[in-house]
>>> print(open('model30.txt').read())   # compact mmCIF, C-alpha atoms
# COMPACT_ATOMS: atom_id res chain seq x y z
CA MET H 23 7.64 -19.65 -6.16
CA THR H 24 7.32 -15.94 -6.21
CA ALA H 25 6.41 -13.30 -8.74
CA SER H 26 9.32 -12.76 -11.10
CA GLN H 27 8.05 -9.41 -12.31
CA PHE H 28 5.92 -6.76 -10.66
CA PRO H 29 4.38 -4.18 -13.03
CA ILE H 30 3.60 -1.11 -10.93
CA GLY H 31 0.14 0.33 -11.54
CA ALA H 32 -1.03 3.77 -10.42
CA GLY H 33 -4.46 2.33 -9.55
CA HIS H 34 -2.84 -0.38 -7.49
CA ILE H 35 -0.84 2.21 -5.55
CA MET H 36 -4.05 4.22 -4.98
CA VAL H 37 -6.03 1.29 -3.55
CA PHE H 38 -3.07 0.13 -1.47
CA ALA H 39 -2.65 3.60 0.05
CA ARG H 40 -6.38 3.75 0.80
CA ALA H 41 -6.21 0.36 2.51
CA ILE H 42 -3.52 1.56 4.91
CA GLY H 43 -5.52 4.74 5.55
CA ASP H 44 -2.97 6.99 3.84
CA PHE H 45 -4.60 9.74 1.78
CA ASN H 46 -1.38 11.58 0.98
CA PRO H 47 -1.91 12.99 -2.57
CA VAL H 48 1.56 11.78 -3.59
CA TYR H 49 -0.03 8.31 -3.85
CA HIS H 50 -3.01 9.24 -6.05
CA ASP H 51 -3.08 12.83 -7.36
CA VAL H 52 -1.05 13.29 -10.54
CA ASP H 53 -0.88 17.08 -10.38
CA GLN H 54 -0.08 17.44 -6.69
CA ALA H 55 2.43 14.60 -6.89
CA ARG H 56 4.16 16.27 -9.85
CA GLU H 57 4.59 19.45 -7.85
CA SER H 58 5.92 17.59 -4.81
CA GLU H 59 9.53 16.94 -3.89
CA VAL H 60 9.40 13.51 -5.60
CA HIS H 61 8.01 14.92 -8.91
CA GLY H 62 5.30 12.34 -9.48
CA ILE H 63 3.28 9.55 -7.94
CA ILE H 64 5.31 7.12 -5.84
CA ALA H 65 4.40 3.98 -3.89
CA PRO H 66 4.12 3.91 -0.09
CA PRO H 67 7.00 2.25 1.78
CA THR H 68 5.35 -1.15 2.28
CA PHE H 69 3.79 -1.36 -1.21
CA VAL H 70 6.19 -3.95 -2.65
CA GLN H 71 4.47 -6.50 -0.38
CA ALA H 72 1.66 -6.40 -2.94
CA SER H 73 3.89 -8.18 -5.47
CA ALA H 74 2.07 -11.23 -4.08
CA GLN H 75 -0.66 -10.26 -6.57
CA TYR H 76 1.71 -11.31 -9.37
CA ASP H 77 2.84 -14.57 -7.75
CA PRO H 78 1.10 -17.20 -9.91
CA ASP H 79 1.09 -19.76 -7.09
CA TYR H 80 0.46 -17.49 -4.11
CA PRO H 81 -1.21 -19.79 -1.54
CA LEU H 82 -3.17 -17.03 0.22
CA ARG H 83 -5.32 -16.18 -2.80
CA PRO H 84 -8.09 -18.47 -4.15
CA GLN H 85 -6.92 -20.22 -7.31
CA PRO H 86 -9.16 -21.49 -10.15
CA GLY H 87 -10.19 -25.11 -9.62
CA VAL H 88 -8.50 -25.40 -6.23
CA PRO H 89 -10.63 -25.73 -3.05
CA TRP H 90 -10.17 -22.65 -0.86
CA PHE H 91 -9.65 -23.17 2.86
CA GLY H 92 -11.94 -20.29 3.87
CA SER H 93 -15.65 -20.73 4.55
CA GLY H 94 -18.45 -21.28 2.03
CA ARG H 95 -21.16 -23.85 2.57
CA THR H 96 -19.00 -25.15 5.41
CA PRO H 97 -16.63 -23.27 7.78
CA THR H 98 -13.63 -24.45 5.75
CA GLY H 99 -13.50 -25.57 2.15
CA LYS H 100 -10.77 -28.11 2.65
CA PRO H 101 -8.89 -29.83 5.44
CA PRO H 102 -5.82 -28.00 6.71
CA ASN H 103 -2.68 -28.57 4.67
CA PRO H 104 -0.23 -30.78 6.58
CA GLU H 105 2.75 -29.32 4.70
CA PRO H 106 3.99 -25.84 5.51
CA ALA H 107 3.37 -23.64 2.48
CA THR H 108 6.30 -21.57 1.33
CA THR H 109 4.98 -18.09 1.88
CA THR H 110 7.47 -16.28 -0.25
CA GLN H 111 5.86 -12.92 0.32
CA GLY H 112 6.20 -13.43 4.02
CA SER H 113 2.59 -13.68 5.09
CA GLY H 114 1.01 -16.36 7.16
CA SER H 115 -0.98 -19.37 6.13
CA GLU H 116 -2.73 -22.08 8.01
CA ARG H 117 -1.18 -25.39 9.04
CA SER H 118 -2.46 -28.56 10.59
CA GLY H 119 -3.12 -27.53 14.17
CA GLY H 120 -0.53 -24.77 14.06
CA THR H 121 -0.43 -21.27 12.65
CA GLY H 122 2.00 -19.56 10.32
CA LEU H 123 2.46 -15.86 10.90
CA HIS H 124 4.55 -13.00 9.69
CA ALA H 125 7.07 -12.23 12.43
CA GLU H 126 9.29 -9.51 10.99
CA GLN H 127 9.62 -7.33 7.91
CA HIS H 128 12.54 -5.10 6.98
CA TYR H 129 12.99 -2.85 3.95
CA GLU H 130 15.94 -0.99 2.50
CA TYR H 131 15.00 1.74 0.04
CA LEU H 132 17.44 2.69 -2.69
CA ARG H 133 14.89 4.86 -4.54
CA PRO H 134 11.10 5.35 -4.71
CA VAL H 135 8.94 2.91 -6.72
CA ARG H 136 6.84 4.61 -9.42
CA PRO H 137 3.82 3.68 -11.55
CA GLY H 138 4.58 2.47 -15.06
CA GLU H 139 7.79 0.68 -14.22
CA VAL H 140 8.26 -3.08 -14.06
CA LEU H 141 10.25 -4.38 -11.12
CA THR H 142 12.08 -7.69 -11.40
CA LEU H 143 12.19 -9.83 -8.27
CA THR H 144 15.00 -12.06 -7.11
CA LEU H 145 14.26 -14.25 -4.14
CA ARG H 146 16.80 -15.92 -1.93
CA PRO H 147 16.14 -17.97 1.17
CA GLY H 148 17.76 -16.63 4.30
CA ARG H 149 18.45 -18.22 7.65
CA THR H 150 16.19 -20.71 9.43
CA TRP H 151 16.12 -21.22 13.19
CA GLU H 152 14.01 -22.59 16.05
CA LYS H 153 13.08 -21.13 19.38
CA GLN H 154 11.03 -22.30 22.35
CA GLY H 155 7.93 -20.10 22.47
CA ARG H 156 6.30 -18.87 25.65
CA ARG H 157 2.79 -19.84 24.62
CA GLY H 158 2.82 -21.73 21.34
CA GLY H 159 5.31 -24.61 21.77
CA LEU H 160 8.32 -24.74 19.44
CA LEU H 161 8.61 -21.83 16.99
CA TYR H 162 10.15 -22.30 13.54
CA PHE H 163 11.54 -19.16 11.91
CA ARG H 164 12.37 -18.75 8.23
CA GLU H 165 13.91 -15.71 6.59
CA THR H 166 13.36 -14.71 2.94
CA VAL H 167 15.04 -11.90 1.04
CA ILE H 168 13.48 -10.41 -2.09
CA GLU H 169 15.41 -7.91 -4.19
CA TYR H 170 13.32 -5.58 -6.37
CA ARG H 171 15.23 -4.16 -9.34
CA GLY H 172 14.23 -1.58 -11.94
CA GLU H 173 14.50 -1.99 -15.69
CA ASP H 174 18.07 -0.68 -15.51
CA GLY H 175 18.97 -3.65 -13.30
CA GLU H 176 19.65 -1.39 -10.34
CA LEU H 177 18.19 -2.17 -6.92
CA ALA H 178 15.12 -0.22 -5.86
CA VAL H 179 14.05 -2.05 -2.69
CA ILE H 180 15.38 -4.97 -0.65
CA ALA H 181 12.75 -6.75 1.46
CA ARG H 182 13.70 -9.19 4.18
CA SER H 183 10.86 -11.06 5.85
CA VAL H 184 10.80 -13.54 8.71
CA GLY H 185 7.94 -16.01 8.94
CA VAL H 186 7.23 -18.04 12.05
CA ARG H 187 5.34 -21.27 12.31
CA THR H 188 3.98 -22.45 15.63
CA GLU H 189 2.76 -25.84 16.77
CA GLN H 190 -0.52 -24.49 18.23
CA THR H 191 -2.90 -21.63 17.61
CA VAL H 192 -1.44 -18.47 19.08
CA LYS H 193 -3.54 -17.19 21.95
CA ASP H 194 -3.24 -13.47 22.41
CA MET F 4 7.65 19.12 4.35
CA PRO F 5 10.83 17.07 4.87
CA LEU F 6 12.53 17.13 8.24
CA SER F 7 15.67 19.19 8.61
CA THR F 8 18.64 18.48 10.85
CA SER F 9 17.90 21.66 12.79
CA SER F 10 14.35 20.62 13.68
CA ILE F 11 15.21 17.39 15.52
CA LYS F 12 17.74 16.01 17.97
CA VAL F 13 18.29 12.68 19.72
CA GLY F 14 15.23 12.03 21.85
CA THR F 15 12.82 14.05 19.72
CA SER F 16 9.60 12.08 19.44
CA HIS F 17 6.63 12.22 17.09
CA SER F 18 3.34 10.30 17.48
CA ALA F 19 0.22 9.91 15.37
CA VAL F 20 -2.98 7.92 15.70
CA VAL F 21 -2.84 5.78 12.56
CA VAL F 22 -6.19 4.06 12.98
CA ASP F 23 -9.14 4.72 15.31
CA ASN F 24 -11.47 1.74 15.76
CA LEU F 25 -10.04 -0.55 13.07
CA THR F 26 -12.84 -2.04 11.00
CA ARG F 27 -13.10 -5.48 9.44
CA THR F 28 -13.75 -3.62 6.19
CA GLN F 29 -10.35 -1.94 6.34
CA ILE F 30 -8.74 -5.34 6.93
CA VAL F 31 -10.58 -6.64 3.85
CA GLN F 32 -9.46 -3.56 1.87
CA TYR F 33 -5.90 -4.43 2.81
CA ALA F 34 -6.43 -8.03 1.75
CA GLY F 35 -7.67 -6.86 -1.64
CA ALA F 36 -4.84 -4.41 -2.18
CA SER F 37 -2.01 -6.60 -0.92
CA GLY F 38 -3.32 -9.87 -2.35
CA ASP F 39 -3.15 -11.68 1.00
CA PHE F 40 -6.66 -13.16 1.35
CA ASN F 41 -5.80 -15.46 4.25
CA PRO F 42 -9.20 -16.27 5.85
CA LEU F 43 -7.64 -15.55 9.24
CA HIS F 44 -7.91 -11.91 8.17
CA THR F 45 -10.93 -11.94 5.89
CA ASP F 46 -13.34 -14.65 7.06
CA GLU F 47 -14.88 -14.44 10.53
CA VAL F 48 -16.44 -17.92 10.21
CA TYR F 49 -13.10 -19.54 9.40
CA ALA F 50 -11.14 -17.49 11.96
CA THR F 51 -13.48 -18.34 14.83
CA GLN F 52 -14.88 -21.79 14.01
CA VAL F 53 -11.89 -23.42 12.29
CA ALA F 54 -8.81 -21.56 13.53
CA GLY F 55 -10.10 -20.89 17.06
CA TYR F 56 -9.43 -17.15 17.23
CA PRO F 57 -11.89 -14.73 18.89
CA SER F 58 -12.34 -12.91 15.55
CA VAL F 59 -10.44 -12.10 12.39
CA PHE F 60 -7.31 -10.04 12.99
CA ALA F 61 -5.28 -7.58 10.94
CA HIS F 62 -2.39 -8.52 8.68
CA GLY F 63 0.89 -7.58 10.35
CA MET F 64 1.65 -5.72 7.14
CA LEU F 65 -1.44 -3.56 7.57
CA THR F 66 -0.08 -2.44 10.95
CA MET F 67 3.32 -1.82 9.37
CA GLY F 68 1.74 0.06 6.47
CA MET F 69 -0.21 2.31 8.83
CA THR F 70 2.95 2.83 10.88
CA GLY F 71 4.75 3.79 7.68
CA ARG F 72 2.20 6.53 7.11
CA MET F 73 3.21 8.13 10.42
CA LEU F 74 6.84 7.99 9.25
CA THR F 75 6.33 9.41 5.76
CA ASP F 76 4.06 12.16 7.10
CA TYR F 77 6.90 13.01 9.52
CA VAL F 78 10.06 12.68 7.41
CA GLY F 79 8.60 13.57 3.98
CA ASP F 80 7.86 11.71 0.76
CA GLY F 81 10.54 9.43 -0.65
CA ARG F 82 12.86 10.11 2.29
CA LEU F 83 12.99 6.72 4.00
CA THR F 84 16.15 4.68 3.45
CA GLN F 85 15.28 1.88 5.86
CA PHE F 86 12.16 0.71 7.71
CA GLY F 87 11.72 -2.56 9.53
CA GLY F 88 10.51 -4.28 12.62
CA ARG F 89 8.74 -7.10 14.39
CA PHE F 90 5.06 -7.83 14.82
CA THR F 91 4.84 -8.20 18.57
CA SER F 92 1.13 -8.61 19.21
CA GLN F 93 -2.00 -9.17 17.17
CA VAL F 94 -4.24 -6.30 16.08
CA TRP F 95 -8.00 -6.83 16.27
CA PRO F 96 -11.09 -5.12 14.86
CA GLY F 97 -11.92 -2.18 17.12
CA ASP F 98 -8.30 -1.45 17.97
CA THR F 99 -6.93 2.09 17.96
CA LEU F 100 -3.24 2.32 17.11
CA THR F 101 -0.76 5.08 17.86
CA ALA F 102 2.59 5.03 16.07
CA THR F 103 5.64 6.80 17.51
CA ALA F 104 9.05 7.60 16.06
CA THR F 105 11.86 8.65 18.42
CA VAL F 106 15.13 10.03 17.08
CA THR F 107 18.14 7.88 18.05
CA ALA F 108 20.80 9.53 15.85
CA VAL F 109 21.24 12.57 13.62
CA GLU F 110 24.43 12.56 11.58
CA VAL F 111 26.04 12.95 8.19
CA ARG F 112 26.83 9.68 6.40
CA ASP F 113 28.60 9.73 3.03
CA GLY F 114 27.84 13.41 2.79
CA VAL F 115 24.12 12.97 3.43
CA ALA F 116 22.28 14.13 6.56
CA VAL F 117 20.44 11.14 8.02
CA ALA F 118 18.29 10.48 11.07
CA ASP F 119 17.66 7.12 12.70
CA PHE F 120 14.46 6.42 14.61
CA ASP F 121 13.12 3.85 17.00
CA VAL F 122 9.60 3.04 15.88
CA VAL F 123 6.85 1.58 18.03
CA THR F 124 3.11 1.24 17.54
CA HIS F 125 0.85 0.71 20.55
CA ASN F 126 -2.78 -0.32 20.81
CA GLN F 127 -5.34 1.41 23.02
CA THR F 128 -4.30 -0.63 26.06
CA GLY F 129 -0.63 0.30 25.69
CA VAL F 130 0.52 -3.02 24.25
CA ALA F 131 3.21 -2.69 21.57
CA VAL F 132 1.98 -4.33 18.37
CA PHE F 133 4.94 -3.34 16.17
CA THR F 134 8.48 -2.43 17.21
CA GLY F 135 11.28 -1.53 14.87
CA SER F 136 13.42 1.20 13.41
CA ALA F 137 13.71 3.49 10.43
CA SER F 138 16.19 5.84 8.80
CA ALA F 139 15.55 8.85 6.61
CA ARG F 140 17.42 11.49 4.62
CA LEU F 141 17.07 14.98 6.04
CA ASP F 142 17.39 18.43 4.52
>>> encode(input="model30.txt", output="structure tokens")
Amino acid sequence: MTASQFPIGAGHIMVFARAIGDFNPVYHDVDQARESEVHGIIAPPTFVQASAQYDPDYPLRPQPGVPWFGSGRTPTGKPPNPEPATTTQGSGSERSGGTGLHAEQHYEYLRPVRPGEVLTLTLRPGRTWEKQGRRGGLLYFRETVIEYRGEDGELAVIARSVGVRTEQTVKD
Amino acid sequence: MPLSTSSIKVGTSHSAVVVDNLTRTQIVQYAGASGDFNPLHTDEVYATQVAGYPSVFAHGMLTMGMTGRMLTDYVGDGRLTQFGGRFTSQVWPGDTLTATATVTAVEVRDGVAVADFDVVTHNQTGVAVFTGSASARLD
């Protein structure tokens, strides 16, 4: 499951840009952005990753009524999930004994993303493959492609992510 | 200001420190903005006691986002046509990251001036934490 629509909010762009330490006014200042080359606020290049916020089943966000695997009264709120979660937005999640991590991310930009528009997402699974890891046993790779289209149906961004699942905790 | 074809050539390199002494708070800011609240990034108790890591660590996408800032500051707003790469090592609280773009091609494609870049981000010990590439439209 993934978000099917991603409404782009100016406030969301602002907090995302702050989080990556980018204080470029084109991400938050209406007047300066209007006078810039792009004639208005735009989203930073990796912003579409935040469409996870609109994924109703996103496994890396606490959900109402579902035990969360982070700490509370105890170091983890539930035993590790034996099944690999489908991390459609490409981020990692925990596994029994092993660790799922984001291995690669690639974007193609057809045009800037702007506040006020609603992007429609189309997800398609990509390739899967295995590789012997140097430190973590067998590595399982899975590729996911998400197309982000504007209200005119035209492509705005294509995101291709590769997730990797290992059999043991990765030691740096 | 956007880059122009006359200001760069193959081999031209640009670097920027994109974070100095990464804080756990910034990692949590990124969790809140991106929606990825994985306790490996946000919960020191879980990361150390359950998952067995020395501490929480940054989302790969935070590193890529910070690397993207170096690129957009360099090539200009709305100029990127492609940006991608691999997360090659983990990024920890306290890390200082330097992102570098090196020009690999400057040419006209379909009537548009374009530059390609190798992109790499290193931590304070010289380990590459992100390696990839980008392309941008030039003036």
>>> closest_atom_pairs(input="model30.txt", of="chain F", to="chain H", cutoff="9 Å", atoms="all atoms listed in the file", output="CSV")
residue,atom,partner,partner_atom,distance
F:Met4,CA,H:Glu59,CA,8.7
F:Pro5,CA,H:Glu59,CA,8.9
F:Val21,CA,H:Gly43,CA,7.6
F:Val22,CA,H:Gly43,CA,7.5
F:Gln29,CA,H:Ala41,CA,6.1
F:Ile30,CA,H:Ala41,CA,7.6
F:Val31,CA,H:Ala41,CA,8.4
F:Gln32,CA,H:Ala41,CA,5.1
F:Tyr33,CA,H:Ala41,CA,4.8
F:Ala34,CA,H:Ala41,CA,8.4
F:Gly35,CA,H:Phe38,CA,8.4
F:Ala36,CA,H:Phe38,CA,4.9
F:Ser37,CA,H:Ala72,CA,4.2
F:Gly38,CA,H:Gln75,CA,5.0
F:Asp39,CA,H:Leu82,CA,5.4
F:Phe40,CA,H:Arg83,CA,5.3
F:Asn41,CA,H:Leu82,CA,5.1
F:Pro42,CA,H:Gly92,CA,5.3
F:Leu43,CA,H:Glu116,CA,8.3
F:Thr45,CA,H:Gly92,CA,8.7
F:Asp46,CA,H:Gly92,CA,6.6
F:Glu47,CA,H:Ser93,CA,8.7
F:Val48,CA,H:Pro97,CA,5.9
F:Tyr49,CA,H:Pro97,CA,5.4
F:Ala50,CA,H:Gly92,CA,8.6
F:Gln52,CA,H:Pro97,CA,6.6
F:Val53,CA,H:Pro97,CA,6.5
F:Ala54,CA,H:Thr191,CA,7.2
F:Gly55,CA,H:Thr191,CA,7.3
F:Tyr56,CA,H:Lys193,CA,7.5
F:His62,CA,H:Ser113,CA,8.0
F:Gly63,CA,H:His124,CA,6.6
F:Met64,CA,H:Thr68,CA,7.6
F:Leu65,CA,H:Ile42,CA,6.1
F:Thr66,CA,H:Ile42,CA,8.0
F:Met67,CA,H:Thr68,CA,7.4
F:Gly68,CA,H:Thr68,CA,5.7
F:Met69,CA,H:Ile42,CA,5.2
F:Thr70,CA,H:Ile42,CA,8.9
F:Gly71,CA,H:Pro67,CA,6.5
F:Arg72,CA,H:Asp44,CA,6.1
F:Thr75,CA,H:Pro67,CA,8.2
F:Asp76,CA,H:Asn46,CA,8.2
F:Gly79,CA,H:Glu59,CA,8.6
F:Asp80,CA,H:Val60,CA,6.8
F:Gly81,CA,H:Pro134,CA,5.8
F:Arg82,CA,H:Pro134,CA,8.6
F:Leu83,CA,H:Tyr131,CA,6.7
F:Thr84,CA,H:Tyr131,CA,4.6
F:Gln85,CA,H:Glu130,CA,4.5
F:Phe86,CA,H:Tyr129,CA,5.2
F:Gly87,CA,H:His128,CA,3.7
F:Gly88,CA,H:Glu126,CA,5.6
F:Arg89,CA,H:Glu126,CA,4.2
F:Phe90,CA,H:Ala125,CA,5.4
F:Thr91,CA,H:Ala125,CA,7.7
F:Ser92,CA,H:Asp194,CA,7.3
F:Gln93,CA,H:Asp194,CA,6.9
F:Gly135,CA,H:His128,CA,8.8
>>> closest_residue(input="model30.txt", among="F:Thr107, F:Thr99, F:Thr28, F:Ser58", to="Ser16 (chain F)", atoms="only C-alpha atoms")
F:Thr107
>>> closest_residue(input="model30.txt", among="H:Pro86, H:Pro47, H:Gly138, H:Gly31", to="Gly172 (chain H)", atoms="all atoms listed in the file")
H:Gly138
>>> axis_aligned_box(input="model30.txt", around="region 37-49 of chain F", padding_each_side="8 Å", output="lines of an AutoDock Vina configuration file")
center_x = -9.2
center_y = -13.1
center_z = 4.1
size_x = 30.4
size_y = 28.9
size_z = 28.9
>>> residues_around(input="model30.txt", residues="Gly175 (chain H)", least_positions_apart="2", cutoff="12 Å", atoms="all atoms listed in the file", output="PyMOL selection string")
chain H and resi 140-144+169-173+177-179
>>> atom_distance(input="model30.txt", atom1="CA of Ser138 (chain F)", atom2="CA of Gly185 (chain H)")
23.4 Å
>>> atom_distance(input="model30.txt", atom1="CA of Phe133 (chain F)", atom2="CA of Ala104 (chain F)")
11.7 Å
>>> atom_distance(input="model30.txt", atom1="CA of Ser10 (chain F)", atom2="CA of Ala139 (chain F)")
13.8 Å
>>> residues_around(input="model30.txt", residues="Gly114 (chain F)", least_positions_apart="6", cutoff="12 Å", atoms="all atoms listed in the file", output="list of chain:residue names")
F:Arg140, F:Leu141, F:Asp142
>>> decode(input="model30.txt", residues="region 38-49 of chain H", atoms="N, CA and C atoms", output="compact mmCIF listing (two decimals), in the first residue's frame")
# COMPACT_ATOMS: atom_id res chain seq x y z
N PHE H 38 9.89 20.48 6.17
CA PHE H 38 10.79 19.51 5.55
C PHE H 38 12.14 20.18 5.24
N ALA H 39 12.08 21.38 4.69
CA ALA H 39 13.32 22.10 4.37
C ALA H 39 14.12 22.40 5.64
N ARG H 40 13.43 22.79 6.70
CA ARG H 40 14.12 23.01 7.98
C ARG H 40 14.81 21.75 8.45
N ALA H 41 14.13 20.62 8.31
CA ALA H 41 14.67 19.36 8.82
C ALA H 41 15.95 18.96 8.09
N ILE H 42 16.06 19.31 6.82
CA ILE H 42 17.30 18.99 6.09
C ILE H 42 18.30 20.14 6.19
N GLY H 43 17.98 21.14 7.02
CA GLY H 43 18.93 22.24 7.25
C GLY H 43 19.03 23.19 6.08
N ASP H 44 17.95 23.28 5.28
CA ASP H 44 17.98 24.12 4.09
C ASP H 44 17.07 25.32 4.29
N PHE H 45 17.67 26.50 4.48
CA PHE H 45 16.91 27.71 4.78
C PHE H 45 16.77 28.62 3.57
N ASN H 46 16.94 28.04 2.39
CA ASN H 46 16.70 28.76 1.14
C ASN H 46 15.27 29.33 1.15
N PRO H 47 15.14 30.67 0.95
CA PRO H 47 13.79 31.27 1.02
C PRO H 47 12.81 30.71 -0.01
N VAL H 48 13.31 30.08 -1.05
CA VAL H 48 12.40 29.55 -2.08
C VAL H 48 11.52 28.43 -1.52
N TYR H 49 11.87 27.94 -0.31
CA TYR H 49 11.08 26.89 0.33
C TYR H 49 10.11 27.43 1.39
